[in-house]
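S.K.: This structure is in structure tokens; I'll ask about it shortly.
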Amino acid sequence: QGRNATWRAHVRSVDLWVLVTMEDRTAMTDAGEMRRDFVANVSHELQTPLTAIIGYIETLQGPARDDATARTRFLERMGVEARRMSRLVSDLLALSRVEAQERRVPTGEVDLVAVIAAASETLSSMIELFGADMNIRGAERPVMLAGDAAELQQVFTNLIENALKYGGDRVEVTVAPADPVPELRRAGVVVEIRDNGPGIDPLHLPRLTERFYRADSHRARDVGGTGLGLAIVKHVVSRHRGRLKITSTRGEGSTFSVILPCGH
Ligand code: ADP
């Protein structure tokens, strides 16, 4: 007990980081078992909104048939649930597309700075709604690399969106090309997405990129997360032969670093 408390105090005091490699926990479990788990998870994630929608329909056909207020409210709720299902299905499609391409290194020429700007642009109304202070540094000149622009845009959209949803009120994105990047031992670029939120418990860090893994499931449900965002990020980054590094300090915030090879 005492030792445990000391250990916990120790891990809280340091800036914890975990390097998410391709050989994570999921990769080591049996493939058949993984598939069964995945199908069970998807079924559960779809069943929850469907059950709610069916409930609203039955209420509107029965007891609330002539209740105009209930109709407005329930239609709104049904819209929320249907959009949740739609997000889940599009994330599942994105994940399966990138998994199917995993072995093929993308060859298109991409300006990473433009990709990050486009990702932040698609989130501009959310940034405004949250009243967040968002900054991008190191974006003065293009950073060219071989990649898939649409997939990389999804990576930065997911990470910036998470920083807004789970973070505080400040998001800082830093683009830093280097030759060499220590994690890759070759020329590359490090993109850091840093938030000033409550941080992530060290216990969750190694499992965060697993499909449907949520550090705080209530919060994730409230903010409409599918639980697939970081799994997509991990697959896209590994297809680009890059690394994803997650560091978090409780009470101070989290930093998600995407490290990609490029020709510097
Ligand atoms: P979701 O769709 O639930 O957001 P993700 O795969 O994107 O799924 O993220 C998995 C979990 O990681 C989230 O549910 C959340 O608990 C945690 N998480 C992700 N980003 C952050 C962050 N910036 N700060 C704190 N927690 C985070």
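Please note that chains go A, B, ... in the order of the structure tokens, that every chain numbers its residues from 1, and that ligands are numbered from 1 in the order shown.
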Can you work out which residues are within 8 Å of ligand 1, considering only C-alpha atoms and all ligand atoms, and then hand them over as number ranges by chain?

M.R.: A: 158-160, 162-167, 194-195, 197-200, 208-217, 219-221, 223-232, 253-256

S.K.: What lies within 8 Å of A:Asp111 using only C-alpha atoms, ignoring chain neighbours under 4 positions off, as a short mmCIF file (atom, residue, chain, number, x, y, z; two decimals) with N, CA and C atoms, in the first residue's frame?

M.R.:
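out.cif, freshly written:
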```
data_model
loop_
_atom_site.label_atom_id
_atom_site.label_comp_id
_atom_site.auth_asym_id
_atom_site.auth_seq_id
_atom_site.Cartn_x
_atom_site.Cartn_y
_atom_site.Cartn_z
N VAL A 115 -1.81 21.20 -44.66
CA VAL A 115 -2.72 20.18 -44.13
C VAL A 115 -3.20 20.57 -42.73
N PRO A 142 6.39 26.12 -46.01
CA PRO A 142 5.90 24.76 -46.24
C PRO A 142 6.86 23.69 -45.70
N VAL A 143 6.29 22.57 -45.26
CA VAL A 143 7.10 21.40 -44.89
C VAL A 143 6.60 20.25 -45.76
N MET A 144 7.43 19.89 -46.74
CA MET A 144 6.99 18.89 -47.72
C MET A 144 7.37 17.47 -47.28
N LEU A 145 6.43 16.55 -47.50
CA LEU A 145 6.74 15.14 -47.24
C LEU A 145 5.90 14.25 -48.13
#
```

S.K.: So that I can see what lies close to A:Arg170, please list as a list in words the residues with an atom at most 7 Å from it, counting only C-alpha atoms and leaving out residues fewer than 2 positions away in the same chain.

M.R.: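 The residues satisfying every condition are Ala132, Asp133, Met134, Gly168, Glu172, Asp195 and Asn196 of chain A.
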
S.K.: Keeping only all heavy atoms, write the selected residues as a PDB file, in the first residue's frame.

M.R.:
```pdb
ATOM      1  N   ALA A 132     -11.961  28.872 -27.438  1.00  0.00           N
ATOM      2  CA  ALA A 132     -10.584  28.423 -27.171  1.00  0.00           C
ATOM      3  C   ALA A 132      -9.565  29.342 -27.840  1.00  0.00           C
ATOM      4  O   ALA A 132      -9.832  29.949 -28.867  1.00  0.00           O
ATOM      5  CB  ALA A 132     -10.410  26.996 -27.674  1.00  0.00           C
ATOM      6  N   ASP A 133      -8.401  29.384 -27.205  1.00  0.00           N
ATOM      7  CA  ASP A 133      -7.300  30.167 -27.740  1.00  0.00           C
ATOM      8  C   ASP A 133      -6.402  29.172 -28.492  1.00  0.00           C
ATOM      9  O   ASP A 133      -5.768  28.317 -27.883  1.00  0.00           O
ATOM     10  CB  ASP A 133      -6.576  30.788 -26.532  1.00  0.00           C
ATOM     11  CG  ASP A 133      -5.360  31.569 -26.944  1.00  0.00           C
ATOM     12  OD1 ASP A 133      -5.217  31.840 -28.145  1.00  0.00           O
ATOM     13  OD2 ASP A 133      -4.549  31.890 -26.051  1.00  0.00           O
ATOM     14  N   MET A 134      -6.413  29.261 -29.817  1.00  0.00           N
ATOM     15  CA  MET A 134      -5.676  28.273 -30.619  1.00  0.00           C
ATOM     16  C   MET A 134      -4.553  28.942 -31.401  1.00  0.00           C
ATOM     17  O   MET A 134      -4.762  29.945 -32.079  1.00  0.00           O
ATOM     18  CB  MET A 134      -6.690  27.617 -31.558  1.00  0.00           C
ATOM     19  CG  MET A 134      -6.098  27.007 -32.762  1.00  0.00           C
ATOM     20  SD  MET A 134      -6.253  25.233 -32.738  1.00  0.00           S
ATOM     21  CE  MET A 134      -5.242  24.837 -34.130  1.00  0.00           C
ATOM     22  N   GLY A 168      -8.285  22.141 -21.989  1.00  0.00           N
ATOM     23  CA  GLY A 168      -8.750  23.330 -21.277  1.00  0.00           C
ATOM     24  C   GLY A 168      -9.256  24.352 -22.275  1.00  0.00           C
ATOM     25  O   GLY A 168     -10.096  24.047 -23.112  1.00  0.00           O
ATOM     26  N   GLU A 172      -2.166  24.553 -28.458  1.00  0.00           N
ATOM     27  CA  GLU A 172      -0.999  25.048 -29.159  1.00  0.00           C
ATOM     28  C   GLU A 172      -0.481  23.965 -30.107  1.00  0.00           C
ATOM     29  O   GLU A 172      -0.246  22.833 -29.683  1.00  0.00           O
ATOM     30  CB  GLU A 172       0.086  25.381 -28.155  1.00  0.00           C
ATOM     31  CG  GLU A 172       0.561  26.800 -28.295  1.00  0.00           C
ATOM     32  CD  GLU A 172       1.359  27.207 -27.086  1.00  0.00           C
ATOM     33  OE1 GLU A 172       2.408  26.581 -26.861  1.00  0.00           O
ATOM     34  OE2 GLU A 172       0.905  28.127 -26.384  1.00  0.00           O
ATOM     35  N   ASP A 195      -2.455  20.714 -25.081  1.00  0.00           N
ATOM     36  CA  ASP A 195      -3.598  21.382 -24.447  1.00  0.00           C
ATOM     37  C   ASP A 195      -3.295  21.639 -22.978  1.00  0.00           C
ATOM     38  O   ASP A 195      -2.345  21.104 -22.423  1.00  0.00           O
ATOM     39  CB  ASP A 195      -4.881  20.546 -24.614  1.00  0.00           C
ATOM     40  CG  ASP A 195      -4.839  19.237 -23.847  1.00  0.00           C
ATOM     41  OD1 ASP A 195      -4.732  19.267 -22.610  1.00  0.00           O
ATOM     42  OD2 ASP A 195      -4.909  18.169 -24.493  1.00  0.00           O
ATOM     43  N   ASN A 196      -4.114  22.491 -22.359  1.00  0.00           N
ATOM     44  CA  ASN A 196      -3.910  22.791 -20.943  1.00  0.00           C
ATOM     45  C   ASN A 196      -5.061  22.210 -20.114  1.00  0.00           C
ATOM     46  O   ASN A 196      -5.545  22.829 -19.181  1.00  0.00           O
ATOM     47  CB  ASN A 196      -3.764  24.312 -20.715  1.00  0.00           C
ATOM     48  CG  ASN A 196      -5.032  25.056 -21.091  1.00  0.00           C
ATOM     49  OD1 ASN A 196      -5.853  24.542 -21.840  1.00  0.00           O
ATOM     50  ND2 ASN A 196      -5.207  26.261 -20.576  1.00  0.00           N
TER      51      ASN A 196
END
```

S.K.: DSSP on the backbone, strand (DSSP E) only: what residues of stretch 107-257 of chain A does that give? Format it as a PyMOL selection string.

M.R.: chain A and resi 109-111+133-137+144-146+170-181+186-195+243-249+253-257

S.K.: Mind giving me the straight-line distance from atom CA of A:Ser124 to atom CA of A:Met78 in Å, one decimal?

M.R.: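 Distance between the two atoms: 26.2 Å.
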
S.K.: Using only C-alpha atoms, find the one residue out of A:Ala178, A:Ile57, A:Met126, A:Ala150 that sits nearest to A:Val236.

M.R.: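 Of the candidates, the smallest distance to A:Val236 is held by A:Ala150.
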
S.K.: Would you list, as a PyMOL selection string, the residues of stretch 19-247 of chain A that end up in alpha helix (DSSP H) under DSSP run on this structure's backbone?

M.R.: chain A and resi 25-28+31-61+68-100+112-122+124-130+149-166+217-222+229-239

S.K.: May I have the residues within 10 Å of A:Arg186 as a list of chain:residue names, using only C-alpha atoms and disregarding those fewer than 3 positions away in the same chain?

M.R.: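 Here the qualifying residues turn out to be A:Ala178, A:Asp179, A:Pro180, A:Val181, A:Pro182, A:Glu183, A:Val189, A:Leu260, A:Pro261, A:Cys262, A:Gly263, A:His264.
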
S.K.: Can those selected residues be exported to a file as a compact mmCIF listing (two decimals), in the first residue's frame so that it contains C-alpha atoms?

M.R.:
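Final file, result_24.txt:
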```
# COMPACT_ATOMS: atom_id res chain seq x y z
CA ALA A 178 14.61 18.59 -37.71
CA ASP A 179 17.48 16.60 -39.13
CA PRO A 180 17.72 14.14 -37.56
CA VAL A 181 14.62 13.62 -35.42
CA PRO A 182 15.85 11.43 -32.51
CA GLU A 183 12.80 9.12 -32.56
CA VAL A 189 9.08 16.78 -38.64
CA LEU A 260 6.80 11.95 -39.52
CA PRO A 261 9.78 11.29 -41.79
CA CYS A 262 10.49 13.92 -44.43
CA GLY A 263 13.33 14.93 -46.67
CA HIS A 264 15.26 17.53 -44.64
```

S.K.: Could you check which of A:Ala187, A:Asn135, A:His240, A:Glu99 is closest to A:Asp148, using only C-alpha atoms?

M.R.: A:His240

S.K.: Quick check, in Å to one decimal: how far apart do atom CA of A:Ile246 and atom CA of A:Leu205 lie?

M.R.: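 These atoms are spaced 7.3 Å apart.
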
S.K.: Would you mind telling me which residue in A:Leu244, A:Val191, A:Leu95, A:Met85 lies nearest to A:Ser43 when using only C-alpha atoms?

M.R.: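 Of all the options, A:Met85 lies closest to A:Ser43.
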
S.K.: Of the residues A:Phe156, A:Glu252, A:Val42, A:Asp169, which is the one nearest to A:Asp91, using only C-alpha atoms?

M.R.: A:Val42

S.K.: Of the residues A:Leu92, A:Leu123, A:Ala70, A:Leu152, which is the one nearest to A:Gly108, using only C-alpha atoms?

M.R.: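 Of the candidates, the smallest distance to A:Gly108 is held by A:Leu152.
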